[in-house]
$ cat structure-v5.txt   # compact mmCIF, C-alpha atoms (C1' of nucleotides)
# COMPACT_ATOMS: atom_id res chain seq x y z
CA MET B 1 196.95 -90.19 78.38
CA LYS B 2 197.78 -87.68 75.70
CA GLN B 3 195.64 -84.84 74.55
CA THR B 4 194.75 -86.25 71.17
CA GLN B 5 193.77 -89.57 72.69
CA LYS B 6 191.41 -87.86 75.07
CA ASP B 7 189.92 -85.93 72.19
CA ARG B 8 189.46 -89.10 70.21
CA PHE B 9 187.63 -90.68 73.10
CA VAL B 10 185.44 -87.61 73.59
CA ASP B 11 184.40 -87.60 69.96
CA ALA B 12 183.90 -91.36 69.79
CA TRP B 13 181.77 -91.33 72.94
CA GLY B 14 179.85 -88.37 71.52
CA GLN B 15 178.92 -90.28 68.41
CA MET B 16 177.87 -93.24 70.47
CA GLY B 17 175.83 -91.17 72.85
CA SER B 18 172.75 -91.25 70.69
CA LEU B 19 172.78 -94.99 71.03
CA TRP B 20 172.56 -94.66 74.81
CA GLY B 21 169.82 -92.07 74.71
CA LEU B 22 171.97 -88.96 75.12
CA ASN B 23 172.47 -86.39 72.39
CA THR B 24 175.90 -85.67 70.97
CA SER B 25 176.73 -82.69 73.15
CA MET B 26 175.58 -84.38 76.32
CA ALA B 27 177.66 -87.41 75.49
CA ARG B 28 180.74 -85.30 74.73
CA VAL B 29 180.42 -83.39 77.99
CA HIS B 30 180.05 -86.69 79.77
CA ALA B 31 183.08 -88.12 77.96
CA LEU B 32 185.20 -85.11 78.81
CA LEU B 33 184.39 -85.54 82.48
CA ILE B 34 185.14 -89.25 82.27
CA VAL B 35 188.67 -88.68 80.99
CA SER B 36 189.40 -85.67 83.21
CA GLU B 37 191.47 -86.24 86.29
CA ASP B 38 189.98 -83.18 88.02
CA PRO B 39 186.61 -81.45 88.22
CA LEU B 40 185.94 -78.96 85.41
CA SER B 41 184.07 -75.65 85.40
CA LEU B 42 181.24 -74.93 82.99
CA ASP B 43 183.47 -72.44 81.21
CA ALA B 44 186.30 -74.91 80.83
CA ILE B 45 183.93 -77.49 79.39
CA ALA B 46 182.33 -75.07 76.93
CA HIS B 47 185.70 -73.81 75.80
CA ARG B 48 187.30 -77.22 75.48
CA LEU B 49 184.40 -78.69 73.48
CA GLN B 50 183.79 -75.52 71.47
CA ILE B 51 180.15 -75.31 72.45
CA SER B 52 178.20 -72.38 73.85
CA ARG B 53 177.96 -71.80 77.57
CA GLY B 54 174.20 -72.11 77.31
CA ASN B 55 174.46 -75.50 75.71
CA ALA B 56 177.01 -76.65 78.25
CA SER B 57 174.72 -75.49 81.04
CA MET B 58 171.79 -77.49 79.69
CA CYS B 59 173.87 -80.59 79.07
CA LEU B 60 175.22 -80.54 82.62
CA LYS B 61 171.74 -80.06 84.05
CA GLU B 62 170.46 -83.02 82.08
CA LEU B 63 173.45 -85.20 82.96
CA ARG B 64 172.77 -84.43 86.61
CA ASN B 65 169.14 -85.46 86.08
CA TRP B 66 170.41 -88.74 84.70
CA GLY B 67 172.48 -89.10 87.84
CA VAL B 68 175.81 -89.54 86.09
CA VAL B 69 177.35 -86.14 86.87
CA ARG B 70 177.73 -84.29 90.18
CA ARG B 71 178.25 -80.60 90.91
CA VAL B 72 180.93 -79.75 93.45
CA LYS B 73 182.21 -76.60 95.10
CA VAL B 74 185.90 -75.73 95.26
CA ARG B 75 187.12 -73.63 98.21
CA GLY B 76 187.86 -70.07 97.32
CA ASP B 77 186.27 -70.29 93.86
CA ARG B 78 182.85 -68.97 93.10
CA ARG B 79 182.39 -71.19 90.07
CA ASP B 80 180.66 -74.57 90.07
CA TYR B 81 182.73 -77.59 89.14
CA TYR B 82 181.54 -80.85 87.68
CA LEU B 83 182.58 -84.46 88.16
CA THR B 84 181.43 -87.69 86.64
CA GLU B 85 180.23 -90.45 88.89
CA PRO B 86 183.52 -92.34 89.35
CA GLU B 87 182.11 -95.87 89.62
CA VAL B 88 181.34 -97.11 86.12
CA TRP B 89 178.84 -99.67 87.38
CA LYS B 90 176.93 -97.01 89.28
CA MET B 91 176.93 -94.95 86.13
CA PHE B 92 175.60 -97.88 84.15
CA PHE B 93 172.78 -98.50 86.60
CA ALA B 94 171.92 -94.81 86.69
CA ILE B 95 171.52 -94.78 82.92
CA ALA B 96 169.58 -98.04 82.94
CA ARG B 97 167.25 -96.73 85.65
CA GLU B 98 166.55 -93.55 83.73
CA ARG B 99 165.92 -95.35 80.47
CA LYS B 100 163.52 -97.75 82.11
CA ARG B 101 161.65 -94.80 83.59
CA ARG B 102 161.52 -92.89 80.31
CA GLU B 103 160.98 -95.71 77.86
CA LEU B 104 159.69 -98.92 79.34
CA ASP B 105 157.31 -97.59 81.99
CA PRO B 106 155.21 -95.38 79.67
CA VAL B 107 154.87 -98.13 77.05
CA LEU B 108 153.65 -100.60 79.63
CA ALA B 109 151.22 -98.11 81.12
CA ALA B 110 149.79 -97.30 77.69
CA LEU B 111 149.39 -100.98 76.82
CA ARG B 112 147.58 -101.68 80.09
CA GLU B 113 145.31 -98.75 79.53
CA LEU B 114 144.55 -99.86 75.99
CA LEU B 115 143.78 -103.41 77.10
CA GLY B 116 141.61 -102.05 79.87
CA THR B 117 139.29 -100.39 77.37
CA LEU B 118 138.60 -103.58 75.44
CA PRO B 119 135.22 -105.27 75.96
CA GLN B 120 135.36 -108.24 78.32
CA GLY B 121 135.19 -111.03 75.79
CA ALA B 122 137.31 -109.36 73.11
CA SER B 123 139.06 -111.95 71.01
CA GLY B 124 141.04 -112.41 67.85
CA GLN B 125 144.68 -112.68 66.92
CA ALA B 126 145.30 -108.95 67.46
CA VAL B 127 143.96 -108.94 71.01
CA LYS B 128 145.94 -112.07 71.81
CA ARG B 129 149.15 -110.44 70.59
CA LEU B 130 148.50 -107.31 72.60
CA LYS B 131 148.06 -109.34 75.75
CA GLU B 132 151.21 -111.35 75.07
CA MET B 133 153.14 -108.17 74.48
CA LYS B 134 151.86 -106.68 77.71
CA ASP B 135 152.95 -109.81 79.57
CA LEU B 136 156.37 -109.68 77.94
CA LEU B 137 156.91 -106.07 78.89
CA ALA B 138 155.59 -106.72 82.41
CA THR B 139 158.17 -109.48 82.76
CA LEU B 140 160.97 -107.22 81.58
CA ASP B 141 159.74 -104.49 83.88
CA ALA B 142 159.76 -106.80 86.89
CA VAL B 143 163.23 -108.09 86.09
CA ALA B 144 164.55 -104.58 85.57
CA SER B 145 163.06 -103.44 88.88
CA GLN B 146 164.73 -106.26 90.76
CA VAL B 147 168.07 -105.77 89.08
CA LEU B 148 168.02 -102.03 89.72
CA ALA B 149 166.98 -102.49 93.33
CA GLN B 150 170.02 -104.67 94.03
CA GLU B 151 172.88 -103.27 92.07
CA GLU B 152 175.63 -105.20 93.81
CA ASN B 153 173.92 -108.56 93.43
CA ALA B 154 173.05 -107.78 89.85
CA ARG B 155 176.64 -106.92 89.10
CA SER B 156 177.88 -110.25 90.42
CA ALA B 157 175.13 -112.12 88.63
CA LEU B 158 176.06 -110.49 85.33
CA ALA B 159 179.73 -111.33 85.81
CA PHE B 160 178.75 -114.93 86.55
CA LEU B 161 176.50 -115.18 83.51
CA ALA B 162 179.23 -113.74 81.34
CA GLY B 163 181.30 -116.77 82.28
CA GLY B 164 184.38 -114.96 83.43
CA ALA B 165 184.50 -112.77 80.33
CA THR B 166 185.54 -109.83 82.47
CA ARG B 167 188.78 -111.52 83.43
CA LYS B 168 190.06 -111.80 79.89
CA LYS B 169 192.52 -109.13 78.84
CA THR B 170 190.28 -108.21 75.84
CA MET I 1 138.66 -105.20 68.32
CA LYS I 2 137.04 -102.13 66.90
CA GLN I 3 138.49 -99.82 64.33
CA THR I 4 139.14 -96.88 66.62
CA GLN I 5 140.85 -99.10 69.15
CA LYS I 6 143.19 -100.44 66.49
CA ASP I 7 143.96 -96.90 65.43
CA ARG I 8 144.68 -95.91 69.00
CA PHE I 9 147.05 -98.82 69.33
CA VAL I 10 148.80 -97.96 66.08
CA ASP I 11 149.36 -94.39 67.19
CA ALA I 12 150.41 -95.36 70.70
CA TRP I 13 152.88 -97.91 69.37
CA GLY I 14 154.15 -95.30 66.93
CA GLN I 15 154.97 -92.96 69.76
CA MET I 16 156.70 -95.74 71.61
CA GLY I 17 158.87 -96.66 68.68
CA SER I 18 161.85 -94.96 70.26
CA LEU I 19 161.86 -97.67 72.91
CA TRP I 20 162.67 -100.19 70.22
CA GLY I 21 164.91 -97.91 68.22
CA LEU I 22 162.44 -97.48 65.37
CA ASN I 23 161.18 -94.16 64.05
CA THR I 24 157.51 -93.23 64.20
CA SER I 25 156.53 -94.45 60.75
CA MET I 26 158.32 -97.73 61.12
CA ALA I 27 156.67 -98.29 64.46
CA ARG I 28 153.22 -97.46 63.07
CA VAL I 29 153.66 -99.84 60.16
CA HIS I 30 154.76 -102.48 62.61
CA ALA I 31 151.80 -101.77 64.88
CA LEU I 32 149.36 -101.99 62.00
CA LEU I 33 150.70 -105.42 61.10
CA ILE I 34 150.51 -106.48 64.73
CA VAL I 35 146.80 -105.75 64.99
CA SER I 36 145.91 -107.05 61.52
CA GLU I 37 144.45 -110.50 61.28
CA ASP I 38 145.59 -110.87 57.67
CA PRO I 39 148.65 -109.90 55.61
CA LEU I 40 148.50 -106.40 54.14
CA SER I 41 149.79 -105.01 50.86
CA LEU I 42 152.11 -102.03 50.65
CA ASP I 43 149.28 -99.99 49.17
CA ALA I 44 146.87 -100.91 51.92
CA ILE I 45 149.45 -99.93 54.55
CA ALA I 46 150.30 -96.60 52.94
CA HIS I 47 146.64 -95.75 52.50
CA ARG I 48 145.59 -96.79 55.97
CA LEU I 49 148.40 -94.86 57.69
CA GLN I 50 148.23 -91.90 55.31
CA ILE I 51 151.90 -92.10 54.39
CA SER I 52 153.51 -92.17 50.96
CA ARG I 53 154.15 -95.45 49.20
CA GLY I 54 157.83 -94.60 49.16
CA ASN I 55 157.92 -94.20 52.90
CA ALA I 56 155.94 -97.40 53.40
CA SER I 57 158.36 -99.25 51.14
CA MET I 58 161.36 -98.07 53.14
CA CYS I 59 159.76 -98.85 56.47
CA LEU I 60 158.90 -102.37 55.37
CA LYS I 61 162.39 -102.94 54.05
CA GLU I 62 163.87 -101.82 57.36
CA LEU I 63 161.41 -103.86 59.42
CA ARG I 64 162.42 -106.89 57.38
CA ASN I 65 166.06 -106.09 58.12
CA TRP I 66 165.18 -106.10 61.79
CA GLY I 67 163.62 -109.50 61.28
CA VAL I 68 160.20 -108.58 62.66
CA VAL I 69 158.25 -108.50 59.39
CA ARG I 70 158.02 -111.08 56.61
CA ARG I 71 157.00 -110.69 52.97
CA VAL I 72 154.56 -113.27 51.64
CA LYS I 73 152.99 -114.05 48.30
CA VAL I 74 149.28 -114.53 47.84
CA ARG I 75 148.09 -116.84 45.03
CA GLY I 76 146.66 -115.00 42.09
CA ASP I 77 147.84 -111.59 43.29
CA ARG I 78 150.91 -109.87 41.93
CA ARG I 79 151.32 -107.65 44.95
CA ASP I 80 153.56 -108.42 47.91
CA TYR I 81 151.90 -108.85 51.26
CA TYR I 82 153.41 -108.31 54.66
CA LEU I 83 153.04 -110.09 58.00
CA THR I 84 154.52 -109.48 61.40
CA GLU I 85 156.37 -112.25 63.19
CA PRO I 86 153.51 -113.70 65.24
CA GLU I 87 155.48 -114.76 68.33
CA VAL I 88 156.04 -111.74 70.52
CA TRP I 89 159.06 -113.31 72.23
CA LYS I 90 160.71 -114.04 68.91
CA MET I 91 160.02 -110.45 67.94
CA PHE I 92 161.58 -109.25 71.16
CA PHE I 93 164.73 -111.30 70.63
CA ALA I 94 164.98 -110.20 67.01
CA ILE I 95 164.93 -106.58 68.14
CA ALA I 96 167.35 -107.22 70.98
CA ARG I 97 169.76 -108.98 68.62
CA GLU I 98 169.66 -106.11 66.17
CA ARG I 99 170.16 -103.47 68.83
CA LYS I 100 173.12 -105.32 70.29
CA ARG I 101 174.66 -105.45 66.83
CA ARG I 102 174.02 -101.78 66.12
CA GLU I 103 174.69 -100.27 69.52
CA LEU I 104 176.73 -102.38 71.87
CA ASP I 105 179.15 -103.99 69.43
CA PRO I 106 180.50 -100.74 67.88
CA VAL I 107 180.96 -99.05 71.26
CA LEU I 108 182.91 -101.99 72.58
CA ALA I 109 185.05 -102.20 69.44
CA ALA I 110 185.87 -98.49 69.64
CA LEU I 111 186.80 -98.73 73.31
CA ARG I 112 189.10 -101.67 72.67
CA GLU I 113 190.71 -99.88 69.80
CA LEU I 114 191.23 -96.75 71.89
CA LEU I 115 192.74 -98.72 74.77
CA GLY I 116 194.96 -100.54 72.32
CA THR I 117 196.59 -97.29 71.23
CA LEU I 118 197.58 -96.29 74.76
CA PRO I 119 201.25 -96.68 75.71
CA GLN I 120 201.95 -99.82 77.75
CA GLY I 121 202.31 -98.24 81.16
CA ALA I 122 199.59 -95.59 80.72
CA SER I 123 198.09 -94.76 84.07
CA GLY I 124 195.83 -92.28 85.82
CA GLN I 125 192.20 -92.11 86.82
CA ALA I 126 191.03 -91.59 83.26
CA VAL I 127 192.74 -94.69 81.88
CA LYS I 128 191.48 -96.72 84.82
CA ARG I 129 187.91 -95.66 84.11
CA LEU I 130 188.19 -96.47 80.43
CA LYS I 131 189.40 -99.96 81.26
CA GLU I 132 186.58 -100.46 83.74
CA MET I 133 184.09 -99.30 81.18
CA LYS I 134 185.49 -101.69 78.60
CA ASP I 135 185.19 -104.55 81.11
CA LEU I 136 181.63 -103.57 81.92
CA LEU I 137 180.62 -103.52 78.29
CA ALA I 138 182.46 -106.78 77.65
CA THR I 139 180.42 -108.36 80.44
CA LEU I 140 177.16 -107.08 79.01
CA ASP I 141 178.20 -108.27 75.58
CA ALA I 142 178.96 -111.76 76.83
CA VAL I 143 175.66 -111.96 78.71
CA ALA I 144 173.73 -110.70 75.71
CA SER I 145 175.39 -113.24 73.43
CA GLN I 146 174.48 -116.10 75.71
CA VAL I 147 170.91 -114.94 76.17
CA LEU I 148 170.41 -114.46 72.44
CA ALA I 149 171.93 -117.83 71.64
CA GLN I 150 169.38 -119.60 73.83
CA GLU I 151 166.09 -117.83 73.45
CA GLU I 152 163.92 -120.44 75.07
CA ASN I 153 166.10 -120.77 78.16
CA ALA I 154 166.39 -117.02 78.41
CA ARG I 155 162.65 -116.64 78.27
CA SER I 156 162.14 -119.04 81.15
CA ALA I 157 164.92 -117.43 83.14
CA LEU I 158 163.35 -113.99 82.72
CA ALA I 159 159.96 -115.28 83.82
CA PHE I 160 161.60 -116.85 86.86
CA LEU I 161 163.49 -113.69 87.77
CA ALA I 162 160.32 -111.68 87.42
CA GLY I 163 158.93 -113.76 90.26
CA GLY I 164 155.70 -114.76 88.62
CA ALA I 165 154.87 -111.20 87.66
CA THR I 166 153.56 -112.44 84.34
CA ARG I 167 150.75 -114.37 86.01
CA LYS I 168 149.15 -111.33 87.54
CA LYS I 169 146.16 -109.91 85.69
CA THR I 170 147.93 -106.64 84.60
C1' DT K 1 159.12 -108.80 23.70
C1' DT K 2 155.89 -105.54 25.02
C1' DT K 3 152.91 -103.71 28.36
C1' DA K 4 151.14 -102.69 32.64
C1' DA K 5 151.18 -103.30 37.51
C1' DT K 6 153.85 -103.03 41.44
C1' DA K 7 158.04 -101.84 44.09
C1' DT K 8 162.17 -99.11 45.09
C1' DT K 9 165.17 -95.25 45.12
C1' DC K 10 166.63 -90.69 46.01
C1' DA K 11 166.77 -85.54 45.40
C1' DG K 12 164.21 -82.11 47.26
C1' DT K 13 161.14 -80.63 50.91
C1' DA K 14 159.17 -80.73 55.40
C1' DT K 15 159.62 -81.59 60.14
C1' DA K 16 162.01 -82.15 64.45
C1' DT K 17 165.93 -81.59 67.24
C1' DT K 18 169.90 -79.25 68.79
C1' DT K 19 172.62 -75.19 69.45
C1' DT K 20 173.49 -70.46 69.97
C1' DG K 21 173.76 -66.12 72.25
C1' DA K 22 171.69 -62.34 74.30
C1' DA K 23 168.58 -61.28 78.06
C1' DC K 24 167.61 -62.47 82.51
C1' DT K 25 168.44 -64.34 87.23
C1' DT K 26 171.13 -65.48 91.18
C1' DA K 27 174.73 -65.14 94.59
C1' DC K 28 178.40 -63.01 96.59
C1' DC K 29 181.09 -59.24 98.30
C1' DA K 30 182.46 -54.45 99.34
C1' DT X 1 172.83 -51.18 98.29
C1' DG X 2 175.23 -51.53 93.78
C1' DG X 3 178.54 -53.98 91.11
C1' DT X 4 180.08 -58.04 89.13
C1' DA X 5 180.94 -62.80 88.14
C1' DA X 6 178.66 -66.79 87.31
C1' DG X 7 174.53 -69.58 85.84
C1' DT X 8 170.15 -70.26 83.43
C1' DT X 9 166.59 -69.68 80.09
C1' DC X 10 164.48 -69.44 75.72
C1' DA X 11 163.45 -67.51 70.99
C1' DA X 12 165.62 -67.81 66.84
C1' DA X 13 169.00 -70.03 63.78
C1' DA X 14 171.46 -74.01 62.44
C1' DT X 15 171.52 -78.70 61.82
C1' DA X 16 169.89 -83.35 61.42
C1' DT X 17 166.27 -86.51 60.38
C1' DA X 18 162.16 -88.15 58.13
C1' DC X 19 158.90 -87.99 54.28
C1' DT X 20 157.21 -87.22 49.72
C1' DG X 21 156.54 -88.15 45.04
C1' DA X 22 158.30 -88.42 40.52
C1' DA X 23 161.77 -91.12 38.13
C1' DT X 24 163.50 -95.63 37.74
C1' DA X 25 163.57 -100.55 38.21
C1' DT X 26 161.41 -104.94 38.56
C1' DT X 27 158.10 -108.42 37.74
C1' DA X 28 154.62 -111.12 35.51
C1' DA X 29 151.06 -111.66 32.31
C1' DA X 30 149.86 -111.28 27.46

$ encode --input "structure-v5.txt" --output "structure tokens"
Amino acid sequence: MKQTQKDRFVDAWGQMGSLWGLNTSMARVHALLIVSEDPLSLDAIAHRLQISRGNASMCLKELRNWGVVRRVKVRGDRRDYYLTEPEVWKMFFAIARERKRRELDPVLAALRELLGTLPQGASGQAVKRLKEMKDLLATLDAVASQVLAQEENARSALAFLAGGATRKKT
Amino acid sequence: MKQTQKDRFVDAWGQMGSLWGLNTSMARVHALLIVSEDPLSLDAIAHRLQISRGNASMCLKELRNWGVVRRVKVRGDRRDYYLTEPEVWKMFFAIARERKRRELDPVLAALRELLGTLPQGASGQAVKRLKEMKDLLATLDAVASQVLAQEENARSALAFLAGGATRKKT
DNA sequence: TTTAATATTCAGTATATTTTGAACTTACCA
DNA sequence: TGGTAAGTTCAAAATATACTGAATATTAAA
């Protein structure tokens, strides 16, 4: 893979990062690690992406929190090196898990709390909708929990549901 | 439902907007329509949420693009009135459909395009990962298409997968 | 067609997020 | 222990995003 192609991927992934819940720099760092054959040092990353060392440091920390990047040591080198999780499905589930935790869980908790404060016999269209919405989110939450607890099964199930789409050559 | 409780819901929903991919104002407008028994005018919305009419207008336009808000006419009144889609599951699928279109589809298209530019025999860990990622996204895309094409079936399937979680009282 | 009420647009402003870089911390080695 | 290479933090600056409100457009009644 040539240099310019890697760069194109890094920038494309960077722009798409926001859609996955990462900011541009985080996504570019992630992309660079995805297309790199070998682990990279913080310095190499900062230099290659033309971002500050401080920014690179924070992006790597956050990517490790998301569980999609690992820090490794190289013999005879004091620097830290970074690698992306090599299994794309593991990466996908790591991101899904984190987004559920950050986005779905708090919404559901807030809805339950809000419903808990209503008087017993509260009625009306608005209350009905709130309850339905809570049930919907609870369903999604339960499904997500099961899927995330059984990654391998979930992966097969998705491939099955897709109807062999993964076999096609694009 | 009392006034202050509605307000609390509106603000809570506003903060949660990011879950759905809406900004705070859009989410608050949406929330206000969710808890309102009757259709509201643009003026009423702007006044109630303390936002400008211009902002309210843009939020409503966008919410209509997402397919979660409808504009209705009231006899003998020149103003437009707005309603939220009353079925929460329809609302959920409308949002899911829109997010797939905005987020998943472009990423997949870009990945395919990038892979298409690689020389025939391109190899290496990086290329392998890109192909795996394309396959993963293609699988998700196929599953999403099928789910969105059959809302009712999908709804039952989700409830089944959740293992009756929706019956529990919170 | 004119007028007035309502709705939309968009340039400028306000707010929020991201990035920088210098100060600080840590870890290693002589 | 001091020196140094690497890593982290955070206040300030840069950038991106959202909001306002006046100008403009649209609509419907007169």

$ residues_around --input "structure-v5.txt" --residues "Thr139 of chain B" --least-positions-apart "3" --cutoff "12 Å" --atoms "all atoms listed in the file" --output "mmCIF file with C-alpha atoms, in the coordinates of the input"
data_model
loop_
_atom_site.group_PDB
_atom_site.id
_atom_site.type_symbol
_atom_site.label_atom_id
_atom_site.label_comp_id
_atom_site.auth_asym_id
_atom_site.auth_seq_id
_atom_site.Cartn_x
_atom_site.Cartn_y
_atom_site.Cartn_z
ATOM 1 C CA LEU B 104 159.690 -98.920 79.340
ATOM 2 C CA ASP B 105 157.310 -97.590 81.990
ATOM 3 C CA LEU B 108 153.650 -100.600 79.630
ATOM 4 C CA GLU B 132 151.210 -111.350 75.070
ATOM 5 C CA MET B 133 153.140 -108.170 74.480
ATOM 6 C CA LYS B 134 151.860 -106.680 77.710
ATOM 7 C CA ASP B 135 152.950 -109.810 79.570
ATOM 8 C CA LEU B 136 156.370 -109.680 77.940
ATOM 9 C CA ALA B 142 159.760 -106.800 86.890
ATOM 10 C CA VAL B 143 163.230 -108.090 86.090
ATOM 11 C CA ALA B 144 164.550 -104.580 85.570
ATOM 12 C CA SER B 145 163.060 -103.440 88.880
ATOM 13 C CA GLN B 146 164.730 -106.260 90.760
ATOM 14 C CA TRP I 89 159.060 -113.310 72.230
ATOM 15 C CA ALA I 154 166.390 -117.020 78.410
ATOM 16 C CA ARG I 155 162.650 -116.640 78.270
ATOM 17 C CA SER I 156 162.140 -119.040 81.150
ATOM 18 C CA ALA I 157 164.920 -117.430 83.140
ATOM 19 C CA LEU I 158 163.350 -113.990 82.720
ATOM 20 C CA ALA I 159 159.960 -115.280 83.820
ATOM 21 C CA PHE I 160 161.600 -116.850 86.860
ATOM 22 C CA LEU I 161 163.490 -113.690 87.770
ATOM 23 C CA ALA I 162 160.320 -111.680 87.420
ATOM 24 C CA GLY I 163 158.930 -113.760 90.260
ATOM 25 C CA GLY I 164 155.700 -114.760 88.620
ATOM 26 C CA ALA I 165 154.870 -111.200 87.660
ATOM 27 C CA THR I 166 153.560 -112.440 84.340
ATOM 28 C CA ARG I 167 150.750 -114.370 86.010
ATOM 29 C CA LYS I 168 149.150 -111.330 87.540
ATOM 30 C CA THR I 170 147.930 -106.640 84.600
#

$ interface_residues --input "structure-v5.txt" --of "chain I" --to "chain X" --cutoff "10 Å" --atoms "only C-alpha atoms (C1' of nucleotides)" --output "PyMOL selection string"
chain I and resi 23-25+51-56+78-79

$ atom_distance --input "structure-v5.txt" --atom1 "atom CA of Leu140 of chain B" --atom2 "atom CA of Lys100 of chain B"
9.8 Å

$ residues_around --input "structure-v5.txt" --residues "Tyr82 of chain B" --least-positions-apart "3" --cutoff "6 Å" --atoms "only C-alpha atoms (C1' of nucleotides)" --output "short mmCIF file (atom, residue, chain, number, x, y, z; two decimals) with C-alpha atoms, in the frame of the given file"
data_model
loop_
_atom_site.label_atom_id
_atom_site.label_comp_id
_atom_site.auth_asym_id
_atom_site.auth_seq_id
_atom_site.Cartn_x
_atom_site.Cartn_y
_atom_site.Cartn_z
CA PRO B 39 186.61 -81.45 88.22
CA LEU B 40 185.94 -78.96 85.41
CA ARG B 70 177.73 -84.29 90.18
CA ARG B 71 178.25 -80.60 90.91
CA VAL B 72 180.93 -79.75 93.45
#

$ closest_residue --input "structure-v5.txt" --among "I:Lys61, I:Arg28, I:Arg75, I:Arg129" --to "chain K" --atoms "all atoms listed in the file"
I:Lys61

$ interface_residues --input "structure-v5.txt" --of "chain K" --to "chain B" --cutoff "8 Å" --atoms "only C-alpha atoms (C1' of nucleotides)" --output "PyMOL selection string"
chain K and resi 19-21

$ closest_residue --input "structure-v5.txt" --among "B:Phe93, B:Leu49, B:Ser123, B:Val29" --to "chain I" --atoms "only C-alpha atoms"
B:Ser123

$ atom_distance --input "structure-v5.txt" --atom1 "atom CA of Lys90 of chain I" --atom2 "atom CA of Lys128 of chain B"
15.2 Å

$ atom_distance --input "structure-v5.txt" --atom1 "atom CA of Ala31 of chain I" --atom2 "atom CA of Asp11 of chain I"
8.1 Å

$ closest_residue --input "structure-v5.txt" --among "I:Ser18, I:Ile95, I:Asp80, I:Glu62" --to "chain B" --atoms "only C-alpha atoms"
I:Ser18

$ closest_atom_pairs --input "structure-v5.txt" --of "segment 8-40 of chain B" --to "segment 109-120 of chain I" --cutoff "10 Å" --atoms "all atoms listed in the file" --output "Markdown table"
| residue | atom | partner | partner_atom | distance |
| --- | --- | --- | --- | --- |
| B:Arg8 | CA | I:Leu114 | CA | 8.0 |
| B:Phe9 | CA | I:Leu114 | CA | 7.2 |
| B:Ala12 | CA | I:Ala110 | CA | 7.4 |
| B:Trp13 | CA | I:Ala110 | CA | 8.9 |
| B:Met16 | CA | I:Ala110 | CA | 9.6 |

$ decode --input "structure-v5.txt" --residues "segment 99-114 of chain I" --atoms "C-alpha atoms" --output "compact mmCIF listing (two decimals), in the first residue's frame"
# COMPACT_ATOMS: atom_id res chain seq x y z
CA ARG I 99 -28.44 7.61 10.87
CA LYS I 100 -27.68 4.66 8.64
CA ARG I 101 -27.99 6.94 5.63
CA ARG I 102 -25.81 9.66 7.13
CA GLU I 103 -23.21 7.58 8.92
CA LEU I 104 -22.89 4.03 7.75
CA ASP I 105 -23.48 4.46 4.02
CA PRO I 106 -20.75 7.09 3.41
CA VAL I 107 -18.13 5.17 5.41
CA LEU I 108 -18.81 2.02 3.47
CA ALA I 109 -18.74 3.84 0.14
CA ALA I 110 -15.40 5.46 1.00
CA LEU I 111 -13.89 2.15 2.07
CA ARG I 112 -14.99 0.46 -1.14
CA GLU I 113 -13.61 3.30 -3.19
CA LEU I 114 -10.29 3.17 -1.35
